[in-house]
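Enquirer: Have a look at this one.
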Amino acid sequence: MEKLRTVRGVHDLLPEELYIHNKVINTALETSDNFNYSQIEIPIFEFAEVFKKPLGESSDIVTKENYIFKDRSNDELMLRPEGTSGVVRAFLNAGLVHDIPQRFSYYGPMFRYERPQKGRLRQFKQFGVECLGLSSTMADVEVICLGNEFLNKLNVLEKINLKINTLGDFESRNNFRNALVNYFEDYRSSLSKESLNRLSINPLRILDSKDEEDQKVIKNAPNIMEYLNVDSRIRFQNICKGLDHLNIEYTIDKNLVRGLDYYCHTAFEFTTNELGSQGTVLAGGRYDGLSKILGGLDVPGVGWAAGIERLALLVDTEIVNKTDVVLIGQAENFNYLLLPIMKKLVQQGIKTEIIYSGNLSKKFKRANKIKASYAIILGEEEVDKKLLKFKDLTSGREEFIDLKQIIKKIKN
Ligand code: ATP
Ligand code: MG
């Protein structure tokens, strides 16, 4: 029979890769917990409108990247492509609107029908944080600081740059949008098909284009900074001031826009040059309109999401998977006597494996392979002496002692 394959862009995670993923996730959980963000879990699939409305009918995620399906009750559902919409929906459903601010973290699989490549999958994991209920720019600075600290703890900060921009408020963005349309109209013949398409539905997204010809046109496009009203300008200055106070380095990238429709004001990305065009490892911004779009009160929010797979490609980790002790019977009939010993060792938090089969030399080969520190050997002689043979596999030293003493030695 032919081997059953996994779906394109969807991978198994074997222990070594998962070890690194977990390291990234645990570092993120620890950091966000220190910043007083509490972990929540939201469903992996939801009614499609939870994503369609906020992300925008013209966004890539909704038009071509979604996994949408009808279930047996004919409800239209979507596998979650991102976390923010679900978190804000959960916040609204739980009636937390009157108990703000709320600080949340989450992680888990997301699904997007994309062209798979290194760092771009169809099922991938994100870790994210959301700060809800604070309109102060302090919150923007706080979440950026959290992201920066997380990357710092992962020891990848030297490979990463922070880019920031602002999209302004509705008024500023509208003025900017008109200026952009005017500008790009003059270059219609040079724009890619995709950008032409965006010109009428979401011209800001043209700035996001990776097409080389588009890039030439984008170079001289209007600058958002010149279209900000006073309030939006001050907000942006405050963000920069906050980052300066934290000694966090950043560059202002006037063409940084976020792919999703619900963003306003602050936009930021932590990027690396080491992953080709999949260089964005952590990205976010402010989304003050989202809560209202989801049918709730007007609740401001700011947050980010990080790609676990991309970060896992950046971190340098030694995979530590050592076995503390192996249990070896001189013959198979001793295996039963090893079972209660295993139970006692495991109850002491000692990592144990019984090596059931093979001759002694094979058993020691296995012990070596799983990097065991010690071996407990049980045979006729040990049963007679009512002791165990305890062998330090590094020094080769052996002694006859009882289990209590063994546990003491291993724990030292
Ligand atoms: P990109 O520009 O790379 O497509 P994006 O703007 O679509 O990213 P976001 O929606 O902001 O990404 O998601 C936040 C982070 O999640 C990204 O910066 C990236 O690290 C990760 N990510 C997004 N899409 C994928 C994917 N298909 N596979 C793996 N990681 C992803
Ligand atoms: Mg994308």
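By convention in this document, the chains of the structure tokens carry letters A, B, ... by their order, each chain's residues are numbered from 1, and ligands are numbered from 1 in the order they are shown.
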Report as an MDAnalysis selection string all protein, DNA and RNA residues lying within 7 Å of region 234-245 of chain A, evaluated on only C-alpha atoms, omitting residues in the same chain fewer than 5 positions from it.
Expert: chainID A and resid 137 141 166
Enquirer: Using only C-alpha atoms and all ligand atoms, find each residue with an atom at most 10 Å away from ligand 2 and format the answer as a VMD selection string.
Expert: chain A and resid 59 to 61 65 81 112 to 114 120 258 to 260 278 280
Enquirer: Please, which residues of region 311-371 of chain A, numbered as in this document, come out strand (DSSP E) from DSSP, as a VMD selection string?
Expert: chain A and resid 323 to 329 352 to 355
Enquirer: With only C-alpha atoms as the atoms that count, which of A:Arg188, A:Lys386, A:Lys125, A:Lys391 lies nearest to Val326 (chain A)?
Expert: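 That would be A:Lys391, the residue with the smallest distance to Val326 (chain A).
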Enquirer: Could you check the closest approach to ligand 1 for each of A:Leu339, A:Val129, A:Leu167, A:Ile293 and tell me which residue wins, using only C-alpha atoms and all ligand atoms?
Expert: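 Between A:Leu339, A:Val129, A:Leu167, A:Ile293, the residue approaching ligand 1 most closely is A:Val129.
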Enquirer: Would you list the contacts of region 18-34 of chain A as a PyMOL selection string, taking every protein, DNA or RNA residue within 12 Å and counting only C-alpha atoms, but skipping same-chain residues closer than 6 positions in sequence?
Expert: chain A and resi 11-12+40+103-109+124-131+142-156+281-282+303-321
Enquirer: Would you kindly return, as a compact mmCIF listing (two decimals) with C-alpha atoms, in the first residue's frame, each protein, DNA or RNA residue with an atom no farther than 9 Å from any atom of Asp288 (chain A), considering only C-alpha atoms and excluding same-chain residues fewer than 4 positions away?
Expert:
# COMPACT_ATOMS: atom_id res chain seq x y z
CA SER A 135 -6.36 53.47 24.77
CA TYR A 262 -8.92 46.10 11.83
CA TYR A 263 -5.66 47.88 12.62
CA CYS A 264 -5.26 51.61 13.41
CA HIS A 265 -2.44 53.78 14.77
CA LYS A 292 -17.35 47.18 17.75
CA ASP A 298 -16.09 50.27 21.74
CA VAL A 299 -13.10 48.71 23.53
CA PRO A 300 -9.59 49.67 22.47
CA GLY A 301 -6.99 46.95 22.08
CA VAL A 302 -3.40 46.35 21.14
Enquirer: What does the distance between CA of Ile370 (chain A) and CA of Leu387 (chain A) come to in Å, to one decimal place?
Expert: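 So the answer is 25.2 Å.
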Enquirer: If you measure from CA of Asp384 (chain A) to CA of Phe364 (chain A), what distance in Å do you get, rounded to one decimal?
Expert: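 Interatomic distance here is 23.1 Å.
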Enquirer: Under the rule that only C-alpha atoms and all ligand atoms are counted, which of A:Lys219, A:Lys210, A:Lys52, A:Lys322 is the nearest residue to ligand 1?
Expert: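 Of A:Lys219, A:Lys210, A:Lys52, A:Lys322, the one nearest ligand 1 is A:Lys210, counting only C-alpha atoms and all ligand atoms.
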Enquirer: Rank nothing, just name the residue among A:Asn93, A:Ser192, A:Asn223, A:Thr272 nearest to ligand 1, using only C-alpha atoms and all ligand atoms.
Expert: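 For ligand 1, the nearest of the candidates is A:Thr272.
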Enquirer: Which one of A:Leu275, A:Ala139, A:Leu345, A:Leu132 sits closest to Lys404 (chain A) if you count only C-alpha atoms?
Expert: A:Leu345
Enquirer: Calculated over only C-alpha atoms, which of the candidates A:Leu338, A:Gly56, A:Ala367, A:Ile354 has the smallest distance to Leu388 (chain A)?
Expert: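 Smallest distance to Leu388 (chain A) is found for A:Leu338.
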Enquirer: Per DSSP on the backbone, what are the helix (DSSP H, G or I) residues of region 157-394 of chain A, as a ChimeraX atom specification?
Expert: /A:157-159,170-185,188-190,193-201,203-208,212-219,224-227,230-245,290-293,308-314,332-347,360-369,380-385
Enquirer: Extract, using only C-alpha atoms, all DNA, RNA and protein residues at most 8 Å from Gly168 (chain A), discarding same-chain residues fewer than 4 positions from it, and format them as a PDB file with N, CA and C atoms, in the first residue's frame.
Expert:
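The resulting selection-v5.pdb:
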ATOM      1  N   SER A 172      -7.060  60.466   9.473  1.00  0.00           N
ATOM      2  CA  SER A 172      -5.712  60.505   8.881  1.00  0.00           C
ATOM      3  C   SER A 172      -5.568  59.445   7.790  1.00  0.00           C
ATOM      4  N   ARG A 173      -6.065  58.264   8.109  1.00  0.00           N
ATOM      5  CA  ARG A 173      -5.911  57.155   7.161  1.00  0.00           C
ATOM      6  C   ARG A 173      -6.687  57.410   5.886  1.00  0.00           C
ATOM      7  N   ILE A 224       2.800  58.398   5.062  1.00  0.00           N
ATOM      8  CA  ILE A 224       1.705  58.525   6.033  1.00  0.00           C
ATOM      9  C   ILE A 224       1.956  59.660   7.021  1.00  0.00           C
ATOM     10  N   LEU A 228      -0.937  62.673   8.951  1.00  0.00           N
ATOM     11  CA  LEU A 228      -1.460  62.450  10.303  1.00  0.00           C
ATOM     12  C   LEU A 228      -2.048  63.733  10.870  1.00  0.00           C
ATOM     13  N   ASN A 229      -3.223  63.633  11.474  1.00  0.00           N
ATOM     14  CA  ASN A 229      -3.729  64.793  12.206  1.00  0.00           C
ATOM     15  C   ASN A 229      -2.975  64.890  13.541  1.00  0.00           C
ATOM     16  N   SER A 232      -3.086  61.894  16.031  1.00  0.00           N
ATOM     17  CA  SER A 232      -2.361  60.703  15.559  1.00  0.00           C
ATOM     18  C   SER A 232      -0.857  60.929  15.610  1.00  0.00           C
ATOM     19  N   ARG A 233      -0.443  62.168  15.296  1.00  0.00           N
ATOM     20  CA  ARG A 233       0.986  62.474  15.309  1.00  0.00           C
ATOM     21  C   ARG A 233       1.545  62.371  16.734  1.00  0.00           C
ATOM     22  N   CYS A 264      -5.332  50.150  13.482  1.00  0.00           N
ATOM     23  CA  CYS A 264      -5.258  51.609  13.409  1.00  0.00           C
ATOM     24  C   CYS A 264      -4.035  52.037  14.231  1.00  0.00           C
ATOM     25  N   HIS A 265      -3.620  53.263  14.043  1.00  0.00           N
ATOM     26  CA  HIS A 265      -2.442  53.778  14.772  1.00  0.00           C
ATOM     27  C   HIS A 265      -1.242  52.822  14.660  1.00  0.00           C
ATOM     28  N   THR A 266      -0.760  52.368  15.831  1.00  0.00           N
ATOM     29  CA  THR A 266       0.509  51.637  15.872  1.00  0.00           C
ATOM     30  C   THR A 266       0.529  50.329  15.073  1.00  0.00           C
TER      31      THR A 266
END
Enquirer: What's the 9 Å shell around Glu49 (chain A), counting only C-alpha atoms, without same-chain residues fewer than 4 positions away, as a PDB file with N, CA, C and O atoms, in the first residue's frame?
Expert:
ATOM      1  N   LYS A  53     -15.864  39.290   9.304  1.00  0.00           N
ATOM      2  CA  LYS A  53     -16.203  40.694   9.562  1.00  0.00           C
ATOM      3  C   LYS A  53     -14.967  41.507   9.933  1.00  0.00           C
ATOM      4  O   LYS A  53     -14.667  42.499   9.292  1.00  0.00           O
ATOM      5  N   PRO A  54     -14.233  41.103  10.973  1.00  0.00           N
ATOM      6  CA  PRO A  54     -13.104  41.946  11.375  1.00  0.00           C
ATOM      7  C   PRO A  54     -11.948  41.967  10.381  1.00  0.00           C
ATOM      8  O   PRO A  54     -11.324  43.001  10.187  1.00  0.00           O
ATOM      9  N   GLU A  76     -21.825  27.773   8.743  1.00  0.00           N
ATOM     10  CA  GLU A  76     -20.580  28.083   8.055  1.00  0.00           C
ATOM     11  C   GLU A  76     -19.492  28.339   9.097  1.00  0.00           C
ATOM     12  O   GLU A  76     -19.581  29.281   9.877  1.00  0.00           O
ATOM     13  N   LEU A  77     -18.488  27.483   9.094  1.00  0.00           N
ATOM     14  CA  LEU A  77     -17.429  27.552  10.106  1.00  0.00           C
ATOM     15  C   LEU A  77     -16.083  27.820   9.447  1.00  0.00           C
ATOM     16  O   LEU A  77     -15.900  27.571   8.267  1.00  0.00           O
ATOM     17  N   MET A  78     -15.159  28.342  10.255  1.00  0.00           N
ATOM     18  CA  MET A  78     -13.813  28.563   9.730  1.00  0.00           C
ATOM     19  C   MET A  78     -12.791  28.078  10.743  1.00  0.00           C
ATOM     20  O   MET A  78     -12.947  28.299  11.944  1.00  0.00           O
ATOM     21  N   LEU A 294     -17.218  43.400  16.053  1.00  0.00           N
ATOM     22  CA  LEU A 294     -17.712  42.107  16.533  1.00  0.00           C
ATOM     23  C   LEU A 294     -19.021  42.245  17.309  1.00  0.00           C
ATOM     24  O   LEU A 294     -19.501  41.302  17.923  1.00  0.00           O
TER      25      LEU A 294
END
Enquirer: For the atom pair CA of Val217 (chain A) and CA of Asn161 (chain A), what is the interatomic distance in Å to one decimal place?
Expert: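 Between CA of Val217 (chain A) and CA of Asn161 (chain A) the gap works out to 24.6 Å.
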